[in-house]
Amino acid sequence: MNQHLSPLIELQKLDLRIMEISEQRRKIPDRMHQVETPLRDARQVLQETMVSMEAVVKERRGYERDVEVQDAHNDKMRARLSEIKTNKEYQAHLFELQMANKKKSEIEDKVLACMEKIEQLQRTIKESQERVEAVEHTFKQEKRVLDELEGRLSHELAELEIQQRQQATHVERGLLDRYTKLKSARKDQALAAIKGGMCAGCRLQIPPQLVAEVKRSQGLHTCPYCHRMLYWEAEPTTDSKPPAESAKDNSLEVGESV
């Protein structure tokens, strides 16, 4: 690995983690909004039901006043029956009284209908209140989780930013400036390892000659496609010989044969 890039690679690891944490923190308000939505909806249903309840109660009271007015009017009409002289006038007045009583009965039916609505709305309000309590309990639990996550991320971010500033002092000034500009332009990592002959940044095949030069750490090289600074990351090697055969080879002395 290019020794000049080693401090920069470590700096990038810190930067990438900082970017990751910043992105996680950026999403927390949206997640908070999502977990709060069921609570807002439940509260809105409760509020709307209570408003409906108040409207029906007001309507019932209005009908009750109408019943009182109509009842007083009917009493006056009954009182006039004794004052009527002719049978024709009596029959006409009696018909008007019957119509007045019918009107009173219709109003009383409306009062009863309102009372039935009120009972139904009272049940709905109770159910809505229970729903709000249940959803509020769930919301508080989820909010506590998100608050704890925010606290952990904030703490880690503060520590990483200190390490970032310290690590930046170990990078050559010119190289740091180039890294900073490239990172700002790409909005992600400025360095990329070569893995399997490919740039780990853009996943495109690197020319073999360039791979060899990067592997030999000869100067600073960039990917011809994404222009990230390239570095060689040693790939793990495996022994293709079976353990028994390898042990047998090691046991042979110079000049011995099998």
# chains A, B, ... in the order shown; residues from 1 in each chain; ligands from 1
>>> select_by_dssp(residues="segment 56-217 of chain A", states="helix (DSSP H, G or I)", output="number ranges by chain")
A: 56-83, 87-168, 173-186, 208-215
>>> closest_atom_pairs(of="segment 63-162 of chain A", to="segment 19-35 of chain A", cutoff="8 Å", atoms="only C-alpha atoms", output="CSV")
residue,atom,partner,partner_atom,distance
A:Phe139,CA,A:Val35,CA,6.2
A:Glu142,CA,A:Val35,CA,7.0
A:Lys143,CA,A:Met32,CA,6.8
A:Leu146,CA,A:Ile28,CA,7.0
A:Glu150,CA,A:Arg25,CA,6.5
A:Leu153,CA,A:Ile21,CA,6.3
A:Leu157,CA,A:Ile21,CA,6.9
>>> closest_residue(among="A:Met198, A:Ala113, A:Met99, A:Ala192", to="Val211 of chain A", atoms="only C-alpha atoms")
A:Met198
>>> closest_residue(among="A:Lys117, A:Gln164, A:Val111, A:Gln47", to="Lys13 of chain A", atoms="only C-alpha atoms")
A:Gln164
>>> residues_around(residues="segment 55-62 of chain A", least_positions_apart="2", cutoff="8 Å", atoms="only C-alpha atoms", output="list in words")
Val51, Ser52, Met53, Glu64, Arg65, Asp66, Lys110, Val111, Cys114, Met115, Lys117 and Ile118 of chain A
>>> select_by_dssp(residues="segment 20-223 of chain A", states="strand (DSSP E)", output="list of chain:residue names")
A:Leu191, A:Ala192, A:Ala193, A:Ile194, A:Lys195, A:Met198, A:Cys199
>>> closest_residue(among="A:Cys199, A:Ala100, A:Leu14, A:Ala158", to="Leu230 of chain A", atoms="only C-alpha atoms")
A:Cys199
